[in-house]
Structures are given as C-alpha cells and as structure tokens.
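Below: entry01.txt (compact mmCIF, N, CA and C atoms)
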```
# COMPACT_ATOMS: atom_id res chain seq x y z
N GLU A 1 54.78 77.84 116.56
CA GLU A 1 55.77 78.89 116.70
C GLU A 1 57.00 78.50 115.88
N GLU A 2 57.56 79.48 115.18
CA GLU A 2 58.70 79.24 114.32
C GLU A 2 59.84 80.16 114.73
N VAL A 3 61.05 79.60 114.77
CA VAL A 3 62.24 80.36 115.14
C VAL A 3 63.25 80.23 114.00
N GLU A 4 63.78 81.34 113.59
CA GLU A 4 64.80 81.32 112.54
C GLU A 4 66.15 81.65 113.18
N VAL A 5 67.13 80.82 112.89
CA VAL A 5 68.48 81.01 113.41
C VAL A 5 69.41 81.23 112.23
N THR A 6 70.19 82.28 112.30
CA THR A 6 71.17 82.55 111.26
C THR A 6 72.56 82.29 111.83
N VAL A 7 73.33 81.47 111.14
CA VAL A 7 74.68 81.14 111.58
C VAL A 7 75.67 81.82 110.63
N ASP A 8 76.56 82.59 111.21
CA ASP A 8 77.58 83.29 110.43
C ASP A 8 78.79 82.37 110.30
N LYS A 9 79.02 81.85 109.11
CA LYS A 9 80.12 80.92 108.90
C LYS A 9 81.35 81.57 108.27
N ARG A 10 81.33 82.89 108.17
CA ARG A 10 82.51 83.56 107.64
C ARG A 10 83.68 83.34 108.59
N PRO A 11 84.88 83.15 108.05
CA PRO A 11 86.03 82.99 108.94
C PRO A 11 86.30 84.26 109.73
N ALA A 12 86.81 84.10 110.93
CA ALA A 12 87.11 85.26 111.78
C ALA A 12 88.31 86.03 111.26
N ILE A 13 89.22 85.32 110.59
CA ILE A 13 90.45 85.92 110.09
C ILE A 13 90.51 85.75 108.57
N TYR A 14 90.94 86.79 107.90
CA TYR A 14 91.19 86.71 106.46
C TYR A 14 92.62 87.17 106.21
N ALA A 15 93.35 86.38 105.42
CA ALA A 15 94.71 86.74 105.01
C ALA A 15 94.79 86.62 103.49
N PRO A 16 95.20 87.66 102.81
CA PRO A 16 95.37 87.57 101.36
C PRO A 16 96.39 86.48 101.01
N ASN A 17 96.30 85.93 99.81
CA ASN A 17 97.26 84.90 99.42
C ASN A 17 98.34 85.44 98.49
N ILE A 18 98.29 86.75 98.22
CA ILE A 18 99.32 87.37 97.38
C ILE A 18 99.42 88.85 97.76
N PHE A 19 100.62 89.40 97.67
CA PHE A 19 100.79 90.85 97.85
C PHE A 19 101.97 91.32 97.03
N SER A 20 101.99 92.62 96.75
CA SER A 20 103.00 93.18 95.84
C SER A 20 103.59 94.46 96.43
N PRO A 21 104.60 94.33 97.26
CA PRO A 21 105.19 95.52 97.90
C PRO A 21 106.05 96.32 96.93
N ASN A 22 105.38 96.98 95.98
CA ASN A 22 106.11 97.72 94.95
C ASN A 22 105.89 99.23 95.04
N GLY A 23 105.22 99.68 96.11
CA GLY A 23 105.05 101.11 96.32
C GLY A 23 103.94 101.77 95.54
N ASP A 24 103.08 100.98 94.91
CA ASP A 24 101.99 101.58 94.12
C ASP A 24 100.76 101.91 94.96
N GLY A 25 100.83 101.61 96.27
CA GLY A 25 99.72 101.91 97.15
C GLY A 25 98.62 100.86 97.18
N GLU A 26 98.78 99.79 96.43
CA GLU A 26 97.80 98.71 96.41
C GLU A 26 98.47 97.39 96.80
N ASN A 27 97.96 96.77 97.83
CA ASN A 27 98.47 95.47 98.28
C ASN A 27 99.97 95.50 98.58
N ASP A 28 100.45 96.61 99.13
CA ASP A 28 101.87 96.74 99.44
C ASP A 28 102.26 96.03 100.74
N LEU A 29 101.28 95.70 101.57
CA LEU A 29 101.55 95.02 102.84
C LEU A 29 100.77 93.72 102.91
N PHE A 30 101.36 92.76 103.59
CA PHE A 30 100.64 91.53 103.93
C PHE A 30 100.23 91.66 105.39
N LEU A 31 98.93 91.72 105.65
CA LEU A 31 98.45 91.82 107.02
C LEU A 31 97.19 91.01 107.20
N LEU A 32 96.86 90.76 108.45
CA LEU A 32 95.67 89.99 108.79
C LEU A 32 94.48 90.92 108.96
N PHE A 33 93.37 90.48 108.42
CA PHE A 33 92.11 91.20 108.57
C PHE A 33 91.17 90.35 109.41
N ALA A 34 90.34 91.00 110.21
CA ALA A 34 89.41 90.25 111.07
C ALA A 34 88.12 91.02 111.24
N ARG A 35 87.08 90.28 111.55
CA ARG A 35 85.81 90.90 111.89
C ARG A 35 85.90 91.38 113.34
N PRO A 36 85.70 92.67 113.60
CA PRO A 36 85.86 93.21 114.96
C PRO A 36 84.94 92.55 115.98
N GLU A 37 83.81 92.04 115.55
CA GLU A 37 82.89 91.40 116.48
C GLU A 37 83.32 89.98 116.85
N SER A 38 84.45 89.52 116.30
CA SER A 38 84.90 88.15 116.57
C SER A 38 86.25 88.07 117.28
N VAL A 39 87.12 89.04 117.04
CA VAL A 39 88.52 88.92 117.46
C VAL A 39 88.87 89.96 118.52
N GLN A 40 89.47 89.50 119.61
CA GLN A 40 89.98 90.39 120.67
C GLN A 40 91.33 90.96 120.27
N GLU A 41 92.28 90.06 119.93
CA GLU A 41 93.60 90.50 119.51
C GLU A 41 94.32 89.38 118.78
N ILE A 42 95.32 89.78 118.00
CA ILE A 42 96.25 88.82 117.41
C ILE A 42 97.37 88.67 118.43
N ARG A 43 97.50 87.49 118.98
CA ARG A 43 98.56 87.27 119.98
C ARG A 43 99.92 87.11 119.32
N THR A 44 99.97 86.37 118.21
CA THR A 44 101.22 86.13 117.51
C THR A 44 100.96 86.11 116.01
N PHE A 45 101.82 86.75 115.26
CA PHE A 45 101.76 86.72 113.80
C PHE A 45 103.18 86.54 113.29
N LEU A 46 103.42 85.45 112.58
CA LEU A 46 104.75 85.12 112.09
C LEU A 46 104.69 84.83 110.60
N VAL A 47 105.74 85.24 109.89
CA VAL A 47 105.90 84.89 108.47
C VAL A 47 107.26 84.23 108.33
N PHE A 48 107.29 83.11 107.59
CA PHE A 48 108.51 82.31 107.44
C PHE A 48 108.92 82.18 105.98
N SER A 49 110.23 82.16 105.75
CA SER A 49 110.74 81.84 104.42
C SER A 49 110.58 80.34 104.19
N ARG A 50 110.84 79.91 102.97
CA ARG A 50 110.70 78.46 102.69
C ARG A 50 111.75 77.64 103.42
N TRP A 51 112.77 78.28 103.97
CA TRP A 51 113.79 77.59 104.76
C TRP A 51 113.46 77.63 106.25
N GLY A 52 112.33 78.20 106.60
CA GLY A 52 111.90 78.22 107.99
C GLY A 52 112.39 79.40 108.80
N GLU A 53 113.05 80.34 108.16
CA GLU A 53 113.54 81.52 108.86
C GLU A 53 112.39 82.51 109.07
N THR A 54 112.27 83.05 110.27
CA THR A 54 111.23 84.04 110.56
C THR A 54 111.62 85.37 109.92
N VAL A 55 110.80 85.84 108.97
CA VAL A 55 111.10 87.10 108.28
C VAL A 55 110.22 88.25 108.77
N CYS A 56 109.19 87.93 109.56
CA CYS A 56 108.31 88.94 110.14
C CYS A 56 107.70 88.38 111.42
N SER A 57 107.65 89.19 112.45
CA SER A 57 107.11 88.73 113.73
C SER A 57 106.49 89.91 114.48
N TYR A 58 105.22 89.76 114.83
CA TYR A 58 104.51 90.75 115.66
C TYR A 58 103.72 90.01 116.72
N SER A 59 103.47 90.69 117.83
CA SER A 59 102.64 90.07 118.86
C SER A 59 101.78 91.12 119.56
N HIS A 60 100.65 90.65 120.05
CA HIS A 60 99.70 91.44 120.84
C HIS A 60 99.31 92.76 120.15
N PHE A 61 98.53 92.63 119.10
CA PHE A 61 98.06 93.80 118.36
C PHE A 61 96.64 93.57 117.85
N GLN A 62 96.03 94.63 117.42
CA GLN A 62 94.68 94.57 116.86
C GLN A 62 94.76 94.24 115.37
N PRO A 63 93.84 93.43 114.88
CA PRO A 63 93.84 93.14 113.44
C PRO A 63 93.47 94.38 112.64
N ASN A 64 93.63 94.30 111.34
CA ASN A 64 93.26 95.36 110.39
C ASN A 64 94.15 96.60 110.53
N ASP A 65 95.29 96.48 111.18
CA ASP A 65 96.16 97.63 111.42
C ASP A 65 97.40 97.54 110.53
N PRO A 66 97.54 98.43 109.54
CA PRO A 66 98.70 98.38 108.65
C PRO A 66 100.05 98.52 109.37
N ALA A 67 100.06 99.05 110.58
CA ALA A 67 101.31 99.15 111.33
C ALA A 67 101.89 97.78 111.63
N TYR A 68 101.05 96.74 111.55
CA TYR A 68 101.49 95.38 111.84
C TYR A 68 101.41 94.50 110.60
N GLY A 69 101.73 95.09 109.46
CA GLY A 69 101.78 94.33 108.22
C GLY A 69 103.22 94.13 107.78
N TRP A 70 103.44 93.07 107.01
CA TRP A 70 104.78 92.79 106.50
C TRP A 70 104.95 93.49 105.15
N ASP A 71 106.05 94.21 105.00
CA ASP A 71 106.30 94.98 103.78
C ASP A 71 107.16 94.25 102.76
N GLY A 72 107.45 92.97 103.01
CA GLY A 72 108.25 92.19 102.06
C GLY A 72 109.74 92.35 102.24
N ASN A 73 110.15 93.04 103.31
CA ASN A 73 111.58 93.22 103.59
C ASN A 73 111.99 92.35 104.77
N TYR A 74 113.28 92.02 104.78
CA TYR A 74 113.85 91.29 105.90
C TYR A 74 115.25 91.85 106.15
N ARG A 75 115.47 92.31 107.36
CA ARG A 75 116.76 92.92 107.75
C ARG A 75 117.14 94.05 106.79
N GLY A 76 116.13 94.84 106.41
CA GLY A 76 116.37 95.99 105.57
C GLY A 76 116.52 95.71 104.09
N GLN A 77 116.40 94.46 103.70
CA GLN A 77 116.56 94.08 102.30
C GLN A 77 115.24 93.57 101.73
N ALA A 78 114.94 93.96 100.49
CA ALA A 78 113.74 93.47 99.82
C ALA A 78 113.90 91.98 99.51
N MET A 79 112.92 91.20 99.91
CA MET A 79 112.94 89.76 99.63
C MET A 79 112.58 89.54 98.16
N ASN A 80 113.16 88.49 97.58
CA ASN A 80 112.82 88.12 96.22
C ASN A 80 111.41 87.54 96.18
N PRO A 81 110.76 87.60 95.03
CA PRO A 81 109.45 86.96 94.90
C PRO A 81 109.53 85.49 95.29
N ALA A 82 108.58 85.06 96.10
CA ALA A 82 108.57 83.68 96.59
C ALA A 82 107.27 83.45 97.34
N VAL A 83 107.09 82.21 97.77
CA VAL A 83 105.95 81.85 98.62
C VAL A 83 106.46 81.77 100.06
N PHE A 84 105.72 82.38 100.97
CA PHE A 84 106.07 82.41 102.38
C PHE A 84 104.94 81.80 103.19
N ALA A 85 105.29 81.09 104.25
CA ALA A 85 104.28 80.52 105.16
C ALA A 85 104.01 81.53 106.27
N TRP A 86 102.79 81.52 106.78
CA TRP A 86 102.46 82.39 107.91
C TRP A 86 101.67 81.61 108.95
N PHE A 87 101.71 82.12 110.18
CA PHE A 87 101.04 81.50 111.32
C PHE A 87 100.50 82.62 112.21
N ALA A 88 99.32 82.41 112.76
CA ALA A 88 98.76 83.39 113.69
C ALA A 88 98.06 82.68 114.85
N GLU A 89 98.29 83.18 116.04
CA GLU A 89 97.56 82.76 117.24
C GLU A 89 96.63 83.92 117.57
N VAL A 90 95.34 83.63 117.61
CA VAL A 90 94.33 84.69 117.72
C VAL A 90 93.44 84.45 118.93
N GLU A 91 93.26 85.50 119.74
CA GLU A 91 92.32 85.42 120.87
C GLU A 91 90.98 85.97 120.41
N MET A 92 89.95 85.13 120.51
CA MET A 92 88.62 85.52 120.10
C MET A 92 87.96 86.33 121.23
N LEU A 93 86.88 87.02 120.93
CA LEU A 93 86.20 87.84 121.94
C LEU A 93 85.70 87.02 123.12
N ASP A 94 85.37 85.75 122.87
CA ASP A 94 84.87 84.91 123.96
C ASP A 94 85.99 84.26 124.76
N GLY A 95 87.26 84.62 124.47
CA GLY A 95 88.40 84.11 125.22
C GLY A 95 89.05 82.88 124.61
N ARG A 96 88.40 82.25 123.64
CA ARG A 96 89.01 81.08 122.99
C ARG A 96 90.25 81.52 122.21
N ILE A 97 91.21 80.60 122.12
CA ILE A 97 92.40 80.82 121.31
C ILE A 97 92.27 79.94 120.06
N GLU A 98 92.44 80.55 118.90
CA GLU A 98 92.40 79.79 117.65
C GLU A 98 93.70 80.03 116.90
N PHE A 99 94.08 79.01 116.12
CA PHE A 99 95.31 79.07 115.34
C PHE A 99 94.97 79.07 113.86
N PHE A 100 95.66 79.91 113.12
CA PHE A 100 95.46 80.02 111.68
C PHE A 100 96.82 79.94 111.00
N GLU A 101 96.83 79.38 109.80
CA GLU A 101 98.07 79.29 109.05
C GLU A 101 97.75 79.28 107.56
N GLY A 102 98.75 79.60 106.77
CA GLY A 102 98.55 79.60 105.33
C GLY A 102 99.83 80.01 104.64
N ASP A 103 99.71 80.36 103.38
CA ASP A 103 100.87 80.86 102.66
C ASP A 103 100.48 82.09 101.87
N VAL A 104 101.48 82.87 101.56
CA VAL A 104 101.28 84.11 100.81
C VAL A 104 102.40 84.21 99.78
N THR A 105 102.04 84.66 98.59
CA THR A 105 103.01 84.84 97.52
C THR A 105 103.39 86.31 97.43
N LEU A 106 104.68 86.56 97.49
CA LEU A 106 105.21 87.92 97.31
C LEU A 106 105.57 88.07 95.83
N VAL A 107 105.01 89.08 95.18
CA VAL A 107 105.36 89.39 93.79
C VAL A 107 105.84 90.83 93.73
N ARG A 108 106.70 91.11 92.80
CA ARG A 108 107.22 92.48 92.65
C ARG A 108 106.95 92.98 91.25
```

Just dump the structure as structure tokens.
Amino acid sequence: EEVEVTVDKRPAIYAPNIFSPNGDGENDLFLLFARPESVQEIRTFLVFSRWGETVCSYSHFQPNDPAYGWDGNYRGQAMNPAVFAWFAEVEMLDGRIEFFEGDVTLVR
C-alpha cells in the first residue's frame, strides 16, 4: 500500500517589498495578503519609520482587505520615499499565533 502526502509550504502571509502610492491604481497600498484557508485574522499590523515611529497601525481585521492597507501617508502628509519596517501578529485558523516582520520600500 502506498500513501502520498502533499505538504503545502507556501507562507500563510505575503507582504510586498515595495509599493508606489502615486494614484495610478497599481500598488498604491501596502497591505498583507493571506491564504484564507490558513488565517483567521490579523491581530496587529504595524508599520514603522526608520526612527521607530509608528506610521500605520491596524488591529483585528481580515487579510486581503484594502481598507486596512497603508497609503504611504502619516498624519495627513505624504511620506518621502524610504524603507519602512513592518510587523504583524496573525491568528491562524487552528488558533496558533504567528509573528511576521519585514520591510517595505515606498517609492513615488
């Protein structure tokens, strides 16, 4: 008897490493994407400037939702092109909590 097991090694969360909030309708927001069969909710999503200031903060939302994306603004002002760090606390469908982090480049 033979059994075949397929293991899905794709990450549960995907975050682009660059975005361009210039109003052209392409890559205007930085947001988290997830496989619906893996993620229950994003508990925390934070974006930081290189000085450690929080420039975007959302909590308790569903992934893949543009309403919870960062538009490259902070306090109503467009941020200059730069690299920003991000952090996410994610609740998986099985109840586990996983942490993700990375950086994203804002270009205009």

Compile the contact shell of Leu106 of chain A as a PyMOL selection string: residues with an atom at most 7 Å away, counting only N, CA and C atoms, same-chain residues fewer than 2 positions apart removed. chain A and resi 17-21+80-84+104+108

According to DSSP computed on the backbone, where in chain A is there strand (DSSP E)? Give the residues as a VMD selection string. chain A and resid 13 to 14 18 to 19 33 to 34 39 to 48 54 to 61 73 to 74 77 to 78 82 to 92 97 to 106

Taking 3 positions as the minimum chain separation for residues in the same chain, which residues sit within 8 Å of Val39 of chain A when counting all atoms listed in the file? Answer as a ChimeraX atom specification. /A:12-13,34-36,42,62-63,90-94

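Comparing the minimum interatomic distances between Tyr14 of chain A and each of A:Glu1, A:Gly72, A:Phe33, A:Glu89, counting only N, CA and C atoms, we find that A:Phe33 sits nearest.
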
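Of the listed residues (A:Trp86, A:Lys9, A:Gly23, A:Asn64), A:Trp86 comes nearest to Phe48 of chain A; the distances count all atoms listed in the file.
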
Which residue out of A:Leu31, A:Glu2, A:Asp24, A:Ile97 has the minimum interatomic distance to Gly69 of chain A when only N, CA and C atoms are used?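 Once distances to Gly69 of chain A are computed over only N, CA and C atoms, the minimum belongs to A:Leu31.
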
Quote the spacing between atom CA of Val3 of chain A and atom C of Ser38 of chain A in Å to one decimal place.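 These atoms are spaced 25.3 Å apart.
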
Atom C of Asp65 of chain A to atom C of Gln40 of chain A: how many Å, to one decimal?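 Going from atom C of Asp65 of chain A over to atom C of Gln40 of chain A covers 13.2 Å.
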
Point-to-point distance from atom C of Arg10 of chain A to atom N of Ser49 of chain A, Å rounded to tenths: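 For atom C of Arg10 of chain A relative to atom N of Ser49 of chain A, the distance reads 26.7 Å.
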
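Checking A:Tyr58, A:Trp70, A:Phe87, A:Trp51 one by one against Phe100 of chain A, counting only N, CA and C atoms, you find the shortest gap at A:Phe87.
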
Nearest to Tyr68 of chain A, chosen from A:Val107, A:Ala85, A:Leu32, A:Val55, with only C-alpha atoms counted in the distances: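 Checking each of A:Val107, A:Ala85, A:Leu32, A:Val55 against Tyr68 of chain A, counting only C-alpha atoms, the winner is A:Leu32.
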
Determine the nearest neighbour of Phe45 of chain A from the options A:Asn22, A:Gly76, A:Pro66, A:Ser59, counting all atoms listed in the file.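 Going through A:Asn22, A:Gly76, A:Pro66, A:Ser59 one by one, the smallest distance to Phe45 of chain A is for A:Ser59.
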